[in-house]
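Data block below; observations after.
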There are 2 protein chains.
Amino acid sequence: MNISALQKARAQYQPKLPKSLKGNVIVKEGNPTESVADQTEIKKLFPETYGMPVVTFEEGGENKKYAPMNVGVILSGGQAPGGHNVISGIFDGIKKLNPDSKLYGFLGGPGGMVKHNYCEITADFLAEYRNTGGFDIIGSGRTKLETEEQFEKSLVILKKLNIRAVVIIGGDDSNTNACVLAEYYASKKAGIQVLGCPKTIDGDLKNDMIETSFGFDTAVKVYSELIGNIERDANSAKKYWHFVKLMGRSASHIGLEAALETHPNITLISEEVAAKKLTLNEIVDDMAAVIAKRADNGNNFGVALIPEGLVEFIPEMKTLISELNDVLADGTENGEKFKTIKNEKERNKFLIGVLSEKSAALYAFLPERISSELTLERDPHGNVQVSLIETEKLLGDLLKDKLSKMKAEGKFSGKFKTQYHFFGYEGRCAAPSNFDADYCYSLGCTASNLVSAGKTGYMAIVRNTIAPAEQWIAGGVPITMMMNMEKRNGNMKPVIRKALVELDGAPFKYFSEKRAEWAIETSFVYPGPIQYWGPSEVCDRTTVTLQLEHKK
Amino acid sequence: MNISALQKARAQYQPKLPKSLKGNVIVKEGNPTESVADQTEIKKLFPETYGMPVVTFEEGGENKKYAPMNVGVILSGGQAPGGHNVISGIFDGIKKLNPDSKLYGFLGGPGGMVKHNYCEITADFLAEYRNTGGFDIIGSGRTKLETEEQFEKSLVILKKLNIRAVVIIGGDDSNTNACVLAEYYASKKAGIQVLGCPKTIDGDLKNDMIETSFGFDTAVKVYSELIGNIERDANSAKKYWHFVKLMGRSASHIGLEAALETHPNITLISEEVAAKKLTLNEIVDDMAAVIAKRADNGNNFGVALIPEGLVEFIPEMKTLISELNDVLADGTENGEKFKTIKNEKERNKFLIGVLSEKSAALYAFLPERISSELTLERDPHGNVQVSLIETEKLLGDLLKDKLSKMKAEGKFSGKFKTQYHFFGYEGRCAAPSNFDADYCYSLGCTASNLVSAGKTGYMAIVRNTIAPAEQWIAGGVPITMMMNMEKRNGNMKPVIRKALVELDGAPFKYFSEKRAEWAIETSFVYPGPIQYWGPSEVCDRTTVTLQLEHKK
């Protein structure tokens with residue numbers, strides 16, 4: 001492997017551990033727990049793993065002897081910085097308990113376990129991956145572990161490799177599935193523990209027990225570096241409005257944290273758009289007002305942050321998309337008729353005729369480029385592909401129209417030139433920040449202690465993360481405790497509740513107090529790139545979100 | 001100003017200076033110089049500033065007394081990391097020579113001098129900008145200093161502020177204009193020195209005397225960080241080809257350096273495309289061969305770097321664009337007729353009828369999206385706007401066609417899914433790397449010594465930059481020495497020769513030896529973000545280009 005100067009130096013970094021995980025560990029158990037909602041249903045679905053206590057690891061205790069413990073590890077879903085350090089933490093943790101323990105990695109995600117694709121993770125092999133980004137050590141995948149057939153196939157290889165516990169590193173869905181698997185193996189008395197680990201750059205896997213998902217810190221810092229650089233460019237050249245779309249289909253935590261880091265002029269938060277039931281037109285009006293006011297002050301430039309998933313949070317757009325899906329469905333009369341119309345204007349006329357009045361008006365309001373995207377590029381089921389909508393350009397186009405109308409009315413006297421950016425892939429595989437390197441290594445080490453404590457259906461957690469790592473609190477939380485029942489594909493399912501941005505939470509409140517000032521003044525902050533060395537206030541700082549949420 | 005933790009800590013950084021600039025300075029003058037070409041014409045155009053010697057500053061000499069010297073500074077053209085440090089170097093330099101010296105900044109580029117917009121740069125004001133990116137301290141602009149009227153208007157304010165010397169921080173064109181201005185003031189015995197400073201992220205202002213332009217180091221490191229992160233993502237997810245377009249209309253130094261840093265699978269170098277007279281079809285064939293070979297090995301992913309200005313280096317595209325400009329020109333029969341055709345197919349038919357056979361064939365070969373961009377969105381002069389062509393998507397679309405044909409012929413068995421990126425604004429205003437912070441501060445300090453030595457028509461230079469800063473060699477080079485005559489807008493003009501990538505230079509040669517391996521193997525290197533602290537081999541390293549060019 002060719003490695004960079006930074007990777008070479010960074011390989012030497014020894015992640016910081018909580019005091020409680022450095023030596024012998026005492027397992028403290030709390031009271032029985034309940035799920036956050038729908039207790040009766042969840043309890044019924046998870047008789048074996050429901051109600052277990054929260055576990056906390058404390059330092060001390062005797063020097064116990066442990067039998068060798070073989071563990072399997074799986075990376076599930078999208079990449080997040082720090083995954084390799086979770087694996088390092090598990091490895092070092094089980095080797096410390098008994099040097100003959102073995103760690104197996106299932107290749108290419110959960111599918112690797114079902115299909116029996118695996119490798120042994122040895123010390124030499126692992127050395128190249130410590131403190132690095134990416135999931136390339138064993139690869140990741142999106143296979144959902146849901147069926148008994150998968151569970152039974154997996155059991156064959158787990159038994160063959162004498163694996164005692166599987167750690168699934170994933171987001172809310174993957175951890176839900178980890179719990180289902182734990183319950184299944186417990187009910188079958190298969191002797192296999194299943195544990196989870198909270199991963200996602202989206203930041204939407206958090207709750208009373210989980211302070212933050214790993215990878216969020218690093219990914220947002222990369223985006224904030226770039227947004228800060230773009231802000232400085234905007235403020236130097238003074239001629240462009242930069243529209244920055246940020247990855248993430250559901251929650252807007254990334255946009256909110258990036259805003260707290262960089263103070264851009266406009267930040268759209270999907271959850272607020274949904275709560276206030278804003279229309280596309282209202283969003284554009286609000287943005288146009290900011291642009292016009294800045295222009296009055298001679299500032300024909302600015303930076304706006306736009307969450308990738310915005311469109312699905314605008315109620316009228318959601319309705320339009322759902323109507324289009326119905327109208328255009330394969331095999332329906334309208335759907336088939338639509339396919340035969342070759343002329344764009346005719347197609348639009350046809351659609352406006354069959355949509356509800358409100359949706360027809362909205363459809364007519366959309367720029368042509370977007371309405372074509374909505375109707376022409378559909379997925380194999382004939383559905384509109386919302387992810388293809390270039391939301392940043394949609395807003396830019398609508399603003400151009402709006403501002404030229406305002407100009408004609410004497411309400412806008414400036415210029416409006418745009419540049420567009422989309423950040424996502426740039427941050428998912430960055431080398432983990434010190435925070436994520438430490439946090440992930442600690443999570444991995446915590447998971448190894450959950451294995452030795454014989455726990456199953458737990459997620460590894462590390463809390464008190466705004467304190468220095470020394471004082472972090474490690475433990476485990478029963479996954480059932482975080483569950484509720486939600487509708488998925490028409491059926492009620494037990495799932496971990498996704499954490500959207502809370503409009504009465506401290507981070508959003510702080511943002512909403514400041515945003516009017518940030519909109520008009522140029523209060524940009526330039527965070528710069530992640531630093532791995534240097535003053536601790538630079539290289540060890542946590543996200544502003546975490547600081548605001550846990551400020552005492 | 002709200003400042004980030006990094007900015008706060010970074011403000012304390014004291015840029016490293018060459019030994020020769022730390023104390024008293026001796027001015028050593030070499031032999032008379034000649035321009036690189038067209039000596040007779042250049043000498044005739046620059047009677048006052050032609051033939052001056054190269055100047056080198058050495059340490060030592062007596063502790064001279066200097067009268068206060070007022071200096072004006074101008075930022076010209078696109079932003080490049082380190083501009084603020086050049087200004088800091090000038091400031092500290094003239095204050096050291098006499099504490100009563102004053103530094104004035106002309107606001108918004110060269111136009112600020114013509115229009116008498118300026119501010120005094122004081123120690124307190126400057127403190128917030130030391131070691132930061134951006135040109136926001138005084139702003140930049142693109143006004144060209146070319147006319148006597150501009151020169152005379154500027155002289156009024158220079159005299160009023162008792163300014164003895166103007167330092168123009170800019171690229172090749174701005175430095176050419178600095179020389180014209182120097183010559184003008186010298187011929188008028190105006191008593192104003194004019195000096196230049198080599199700036200541009202593009203890296204195309206370099207020659208025997210200038211090792212590198214400032215900002216290149218930092219900007220490419222930002223792009224390389226992002227490319228590395230994307231490579232790691234590609235190698236983890238294993239499902240996308242990422243096409244990364246890099247800013248820069250003329251030279252491909254940025255793409256070449258980024259390739260040397262990150263080892264992507266494909267890197268297009270515009271200069272090579274031009275030299276080999278490659279057609280668009282040949283470029284696509286070469287790329288398709290790499291994609292197919294990787295697919296044969298099971299690798300349906302990769303990263304390709306594409307220079308922004310590629311299209312203009314493809315001879316047949318250049319011809320097509322020039323023909324389109326002629327055919328579509330406002331006021332011509334064809335141009336006016338074209339405007340009346342509303343139907344896209346009819347428009348294309350019309351164009352194919354009036355273009356040359358080769359251009360018509362190429363036009364028909366282009367994806368519709370691109371041919372529309374070429375013909376519909378023209379500039380105020382009716383010209384095709386080459387900068388709007390999304391070259392990365394053009395290649396992606398052509399490759400999709402090509403690969404599906406290859407699939408039908410049994411020559412491609414993989415998948416080809418793309419993601420597109422464009423990096424430019426992300427790097428131009430990044431906080432300067434240690435190299436650029438030191439280099440720029442040294443350039444500024446050098447400029448102040450050129451002022452006190454009474455020089456005009458010189459560019460500040462700092463050489464031996466692959467050695468530690470202590471051993472760098474500072475001095476000045478007559479701008480006329482770097483000039484030759486080139487055709488600009490139909491007339492022969494004296495200009496600084498732009499440095500394109502040399503196909504027989506060490507960086508390209510190294511790249512061309514390695515690229516076949518990088519194409520097929522996955523040899524990605526992940527440079528990570530710029531570090532301002534940490535091991536010197538990480539935080540002080542220069543570009544690979546510089547190392548290869550000056551390796552002894």
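We name chains A, B, ... following the order of the structure tokens; residues begin at 1 in each chain, and ligands are numbered from 1 as shown.
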Exercise. Please return, as a ChimeraX atom specification, all residues of chain B lying within 8 Å of chain A when only C-alpha atoms are considered.
Key: /B:1-7,9,78-79,133-137,139-141,226-227,229-230,232-233,235-237,421-422,425-431,523-535,537-538
Quiz item: Residues at most 7 Å from A:Val303, counting only C-alpha atoms, excluding those fewer than 5 positions away in the same chain, as a PyMOL selection string?
Solution: chain A and resi 231+241-243+264-266
Would you save the residues from that selection as a PDB file, in the first residue's frame, using all heavy atoms?
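Full text of again-v3.pdb as output:
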ATOM      1  N   GLU A 231     -16.836  30.506   1.680  1.00  0.00           N
ATOM      2  CA  GLU A 231     -17.258  31.787   2.255  1.00  0.00           C
ATOM      3  C   GLU A 231     -16.162  32.839   2.077  1.00  0.00           C
ATOM      4  O   GLU A 231     -16.432  33.982   1.716  1.00  0.00           O
ATOM      5  CB  GLU A 231     -17.549  31.626   3.751  1.00  0.00           C
ATOM      6  CG  GLU A 231     -18.852  30.909   4.044  1.00  0.00           C
ATOM      7  CD  GLU A 231     -19.103  30.735   5.540  1.00  0.00           C
ATOM      8  OE1 GLU A 231     -18.135  30.817   6.336  1.00  0.00           O
ATOM      9  OE2 GLU A 231     -20.244  30.496   5.928  1.00  0.00           O
ATOM     10  N   TRP A 241     -23.265  34.164  -5.328  1.00  0.00           N
ATOM     11  CA  TRP A 241     -23.973  33.431  -4.285  1.00  0.00           C
ATOM     12  C   TRP A 241     -23.637  31.952  -4.486  1.00  0.00           C
ATOM     13  O   TRP A 241     -23.890  31.394  -5.555  1.00  0.00           O
ATOM     14  CB  TRP A 241     -25.492  33.648  -4.387  1.00  0.00           C
ATOM     15  CG  TRP A 241     -25.932  34.791  -3.534  1.00  0.00           C
ATOM     16  CD1 TRP A 241     -25.992  36.110  -3.885  1.00  0.00           C
ATOM     17  CD2 TRP A 241     -26.369  34.721  -2.170  1.00  0.00           C
ATOM     18  NE1 TRP A 241     -26.430  36.864  -2.826  1.00  0.00           N
ATOM     19  CE2 TRP A 241     -26.676  36.034  -1.758  1.00  0.00           C
ATOM     20  CE3 TRP A 241     -26.527  33.681  -1.244  1.00  0.00           C
ATOM     21  CZ2 TRP A 241     -27.135  36.333  -0.477  1.00  0.00           C
ATOM     22  CZ3 TRP A 241     -26.986  33.979   0.031  1.00  0.00           C
ATOM     23  CH2 TRP A 241     -27.281  35.292   0.407  1.00  0.00           C
ATOM     24  N   HIS A 242     -23.056  31.352  -3.468  1.00  0.00           N
ATOM     25  CA  HIS A 242     -22.716  29.927  -3.537  1.00  0.00           C
ATOM     26  C   HIS A 242     -23.816  29.124  -2.853  1.00  0.00           C
ATOM     27  O   HIS A 242     -24.115  29.355  -1.685  1.00  0.00           O
ATOM     28  CB  HIS A 242     -21.381  29.661  -2.844  1.00  0.00           C
ATOM     29  CG  HIS A 242     -20.207  30.238  -3.567  1.00  0.00           C
ATOM     30  ND1 HIS A 242     -19.442  29.524  -4.456  1.00  0.00           N
ATOM     31  CD2 HIS A 242     -19.665  31.478  -3.556  1.00  0.00           C
ATOM     32  CE1 HIS A 242     -18.478  30.286  -4.947  1.00  0.00           C
ATOM     33  NE2 HIS A 242     -18.584  31.485  -4.411  1.00  0.00           N
ATOM     34  N   PHE A 243     -24.402  28.202  -3.594  1.00  0.00           N
ATOM     35  CA  PHE A 243     -25.424  27.306  -3.038  1.00  0.00           C
ATOM     36  C   PHE A 243     -24.772  25.951  -2.785  1.00  0.00           C
ATOM     37  O   PHE A 243     -24.338  25.280  -3.722  1.00  0.00           O
ATOM     38  CB  PHE A 243     -26.589  27.156  -4.018  1.00  0.00           C
ATOM     39  CG  PHE A 243     -27.530  28.326  -4.002  1.00  0.00           C
ATOM     40  CD1 PHE A 243     -27.061  29.629  -3.943  1.00  0.00           C
ATOM     41  CD2 PHE A 243     -28.903  28.138  -4.032  1.00  0.00           C
ATOM     42  CE1 PHE A 243     -27.925  30.717  -3.909  1.00  0.00           C
ATOM     43  CE2 PHE A 243     -29.784  29.214  -4.009  1.00  0.00           C
ATOM     44  CZ  PHE A 243     -29.287  30.499  -3.952  1.00  0.00           C
ATOM     45  N   PRO A 264     -23.103  30.805   7.740  1.00  0.00           N
ATOM     46  CA  PRO A 264     -23.467  31.227   6.377  1.00  0.00           C
ATOM     47  C   PRO A 264     -24.685  32.153   6.420  1.00  0.00           C
ATOM     48  O   PRO A 264     -25.329  32.287   7.461  1.00  0.00           O
ATOM     49  CB  PRO A 264     -23.810  29.918   5.681  1.00  0.00           C
ATOM     50  CG  PRO A 264     -24.250  29.016   6.782  1.00  0.00           C
ATOM     51  CD  PRO A 264     -23.480  29.411   8.007  1.00  0.00           C
ATOM     52  N   ASN A 265     -25.018  32.770   5.293  1.00  0.00           N
ATOM     53  CA  ASN A 265     -26.111  33.734   5.258  1.00  0.00           C
ATOM     54  C   ASN A 265     -27.483  33.080   5.315  1.00  0.00           C
ATOM     55  O   ASN A 265     -28.426  33.641   5.849  1.00  0.00           O
ATOM     56  CB  ASN A 265     -26.006  34.591   3.999  1.00  0.00           C
ATOM     57  CG  ASN A 265     -24.634  35.209   3.860  1.00  0.00           C
ATOM     58  OD1 ASN A 265     -23.805  34.717   3.095  1.00  0.00           O
ATOM     59  ND2 ASN A 265     -24.363  36.242   4.619  1.00  0.00           N
ATOM     60  N   ILE A 266     -27.580  31.901   4.719  1.00  0.00           N
ATOM     61  CA  ILE A 266     -28.860  31.180   4.698  1.00  0.00           C
ATOM     62  C   ILE A 266     -28.589  29.706   4.961  1.00  0.00           C
ATOM     63  O   ILE A 266     -27.651  29.146   4.394  1.00  0.00           O
ATOM     64  CB  ILE A 266     -29.550  31.313   3.313  1.00  0.00           C
ATOM     65  CG1 ILE A 266     -29.929  32.777   3.035  1.00  0.00           C
ATOM     66  CG2 ILE A 266     -30.780  30.402   3.211  1.00  0.00           C
ATOM     67  CD1 ILE A 266     -30.441  33.030   1.617  1.00  0.00           C
TER      68      ILE A 266
END
Practice problem: Extract the full set of strand (DSSP E or B) residues from stretch 263-417 of chain A according to DSSP on the backbone, and format it as number ranges by chain. | Solution: A: 266-267, 302-307, 378, 384
Practice problem: Between atom CA of A:Ser322 and atom CA of A:Glu486, measure the distance and give it in Å to one decimal. | Solution: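 Here the two named atoms are 19.8 Å from each other.
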Self-check item: A:Leu161 environment, 12 Å, only C-alpha atoms, sequence neighbours closer than 6 positions dropped, as a list in words
Solution: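 Residues meeting the cut-off are Met69, Asn70, Val71, Gly72, Ser101, Lys102, Leu103, Tyr104, Gly105, Phe106, Met113, His116, Asn117, Tyr118, Cys119, Glu120, Ser154, Leu155 and Ile192 of chain A.
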Just-selected residues, all heavy atoms written as a compact mmCIF listing (two decimals), in the first residue's frame:
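Written output follows (selection_28.txt):
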# COMPACT_ATOMS: atom_id res chain seq x y z
N MET A 69 -11.86 -15.57 22.90
CA MET A 69 -13.19 -15.29 22.34
C MET A 69 -13.07 -14.85 20.89
O MET A 69 -12.43 -13.86 20.58
CB MET A 69 -13.93 -14.26 23.19
CG MET A 69 -13.19 -12.98 23.47
SD MET A 69 -14.05 -11.97 24.72
CE MET A 69 -13.32 -12.60 26.24
N ASN A 70 -13.68 -15.62 20.01
CA ASN A 70 -13.69 -15.25 18.59
C ASN A 70 -14.89 -14.35 18.31
O ASN A 70 -16.00 -14.63 18.73
CB ASN A 70 -13.77 -16.50 17.71
CG ASN A 70 -12.49 -17.30 17.81
OD1 ASN A 70 -11.55 -16.91 18.52
ND2 ASN A 70 -12.43 -18.42 17.10
N VAL A 71 -14.59 -13.29 17.61
CA VAL A 71 -15.62 -12.29 17.33
C VAL A 71 -15.67 -12.03 15.83
O VAL A 71 -14.64 -12.04 15.16
CB VAL A 71 -15.33 -10.98 18.11
CG1 VAL A 71 -16.27 -9.86 17.69
CG2 VAL A 71 -15.42 -11.21 19.62
N GLY A 72 -16.87 -11.79 15.31
CA GLY A 72 -17.03 -11.39 13.91
C GLY A 72 -17.46 -9.94 13.85
O GLY A 72 -18.19 -9.48 14.72
N SER A 101 -7.65 -14.88 21.37
CA SER A 101 -8.92 -14.48 20.75
C SER A 101 -8.66 -14.14 19.29
O SER A 101 -7.58 -13.71 18.92
CB SER A 101 -9.50 -13.25 21.44
OG SER A 101 -9.72 -13.50 22.81
N LYS A 102 -9.71 -14.35 18.46
CA LYS A 102 -9.56 -14.03 17.03
C LYS A 102 -10.67 -13.10 16.57
O LYS A 102 -11.80 -13.21 17.03
CB LYS A 102 -9.59 -15.31 16.19
CG LYS A 102 -8.30 -16.07 16.25
CD LYS A 102 -8.32 -17.26 15.34
CE LYS A 102 -6.99 -18.01 15.41
NZ LYS A 102 -7.05 -19.28 14.68
N LEU A 103 -10.31 -12.22 15.64
CA LEU A 103 -11.32 -11.33 15.06
C LEU A 103 -11.48 -11.65 13.58
O LEU A 103 -10.50 -11.66 12.83
CB LEU A 103 -10.91 -9.86 15.25
CG LEU A 103 -11.90 -8.82 14.71
CD1 LEU A 103 -13.25 -8.90 15.44
CD2 LEU A 103 -11.34 -7.39 14.85
N TYR A 104 -12.71 -11.94 13.18
CA TYR A 104 -13.01 -12.18 11.77
C TYR A 104 -13.82 -11.01 11.20
O TYR A 104 -14.73 -10.51 11.86
CB TYR A 104 -13.81 -13.47 11.59
CG TYR A 104 -13.02 -14.71 11.96
CD1 TYR A 104 -13.12 -15.29 13.22
CD2 TYR A 104 -12.16 -15.29 11.02
CE1 TYR A 104 -12.38 -16.42 13.55
CE2 TYR A 104 -11.41 -16.42 11.34
CZ TYR A 104 -11.52 -16.98 12.60
OH TYR A 104 -10.79 -18.09 12.93
N GLY A 105 -13.49 -10.62 9.99
CA GLY A 105 -14.27 -9.58 9.32
C GLY A 105 -15.09 -10.21 8.21
O GLY A 105 -14.56 -10.97 7.40
N PHE A 106 -16.38 -9.92 8.19
CA PHE A 106 -17.21 -10.38 7.07
C PHE A 106 -17.14 -9.36 5.95
O PHE A 106 -17.24 -8.16 6.19
CB PHE A 106 -18.65 -10.66 7.54
CG PHE A 106 -18.72 -11.85 8.44
CD1 PHE A 106 -18.90 -11.71 9.81
CD2 PHE A 106 -18.53 -13.13 7.91
CE1 PHE A 106 -18.92 -12.82 10.64
CE2 PHE A 106 -18.54 -14.25 8.73
CZ PHE A 106 -18.74 -14.10 10.10
N MET A 113 -21.57 -12.24 5.70
CA MET A 113 -21.84 -13.27 6.72
C MET A 113 -22.79 -14.32 6.16
O MET A 113 -22.59 -15.53 6.35
CB MET A 113 -22.42 -12.62 7.98
CG MET A 113 -22.69 -13.60 9.10
SD MET A 113 -22.98 -12.78 10.70
CE MET A 113 -24.61 -12.07 10.47
N HIS A 116 -20.87 -16.31 3.61
CA HIS A 116 -19.64 -16.90 4.15
C HIS A 116 -18.37 -16.33 3.52
O HIS A 116 -17.42 -17.07 3.27
CB HIS A 116 -19.67 -18.43 3.99
CG HIS A 116 -20.84 -19.06 4.70
ND1 HIS A 116 -20.95 -20.40 4.88
CD2 HIS A 116 -21.95 -18.53 5.27
CE1 HIS A 116 -22.09 -20.68 5.52
NE2 HIS A 116 -22.71 -19.53 5.76
N ASN A 117 -18.39 -15.05 3.22
CA ASN A 117 -17.15 -14.38 2.77
C ASN A 117 -16.53 -13.67 3.96
O ASN A 117 -17.16 -12.79 4.55
CB ASN A 117 -17.47 -13.34 1.69
CG ASN A 117 -17.97 -13.99 0.43
OD1 ASN A 117 -17.57 -15.11 0.09
ND2 ASN A 117 -18.89 -13.31 -0.26
N TYR A 118 -15.33 -14.04 4.29
CA TYR A 118 -14.73 -13.46 5.50
C TYR A 118 -13.21 -13.49 5.40
O TYR A 118 -12.64 -14.12 4.51
CB TYR A 118 -15.18 -14.23 6.74
CG TYR A 118 -14.64 -15.64 6.78
CD1 TYR A 118 -13.42 -15.91 7.42
CD2 TYR A 118 -15.30 -16.69 6.15
CE1 TYR A 118 -12.90 -17.20 7.42
CE2 TYR A 118 -14.80 -17.97 6.15
CZ TYR A 118 -13.59 -18.22 6.79
OH TYR A 118 -13.05 -19.48 6.79
N CYS A 119 -12.57 -12.79 6.33
CA CYS A 119 -11.11 -12.91 6.47
C CYS A 119 -10.79 -12.79 7.95
O CYS A 119 -11.58 -12.23 8.71
CB CYS A 119 -10.40 -11.82 5.68
SG CYS A 119 -10.63 -10.17 6.35
N GLU A 120 -9.65 -13.31 8.33
CA GLU A 120 -9.22 -13.06 9.71
C GLU A 120 -8.48 -11.74 9.75
O GLU A 120 -7.66 -11.44 8.86
CB GLU A 120 -8.33 -14.19 10.24
CG GLU A 120 -8.10 -14.00 11.74
CD GLU A 120 -7.09 -14.96 12.37
OE1 GLU A 120 -6.85 -16.04 11.80
OE2 GLU A 120 -6.53 -14.60 13.42
N SER A 154 -26.12 -17.68 8.26
CA SER A 154 -25.05 -17.01 9.01
C SER A 154 -24.57 -17.91 10.15
O SER A 154 -23.36 -18.00 10.43
CB SER A 154 -25.55 -15.68 9.58
OG SER A 154 -25.97 -14.83 8.54
N LEU A 155 -25.52 -18.56 10.78
CA LEU A 155 -25.18 -19.39 11.94
C LEU A 155 -24.16 -20.47 11.57
O LEU A 155 -23.28 -20.80 12.36
CB LEU A 155 -26.46 -20.01 12.51
CG LEU A 155 -26.36 -20.65 13.89
CD1 LEU A 155 -25.79 -19.67 14.92
CD2 LEU A 155 -27.75 -21.14 14.36
N ILE A 192 -24.85 -17.33 20.33
CA ILE A 192 -24.18 -16.23 19.60
C ILE A 192 -24.72 -14.90 20.11
O ILE A 192 -25.93 -14.66 20.07
CB ILE A 192 -24.46 -16.30 18.08
CG1 ILE A 192 -24.16 -17.67 17.50
CG2 ILE A 192 -23.72 -15.16 17.35
CD1 ILE A 192 -22.73 -17.93 17.15
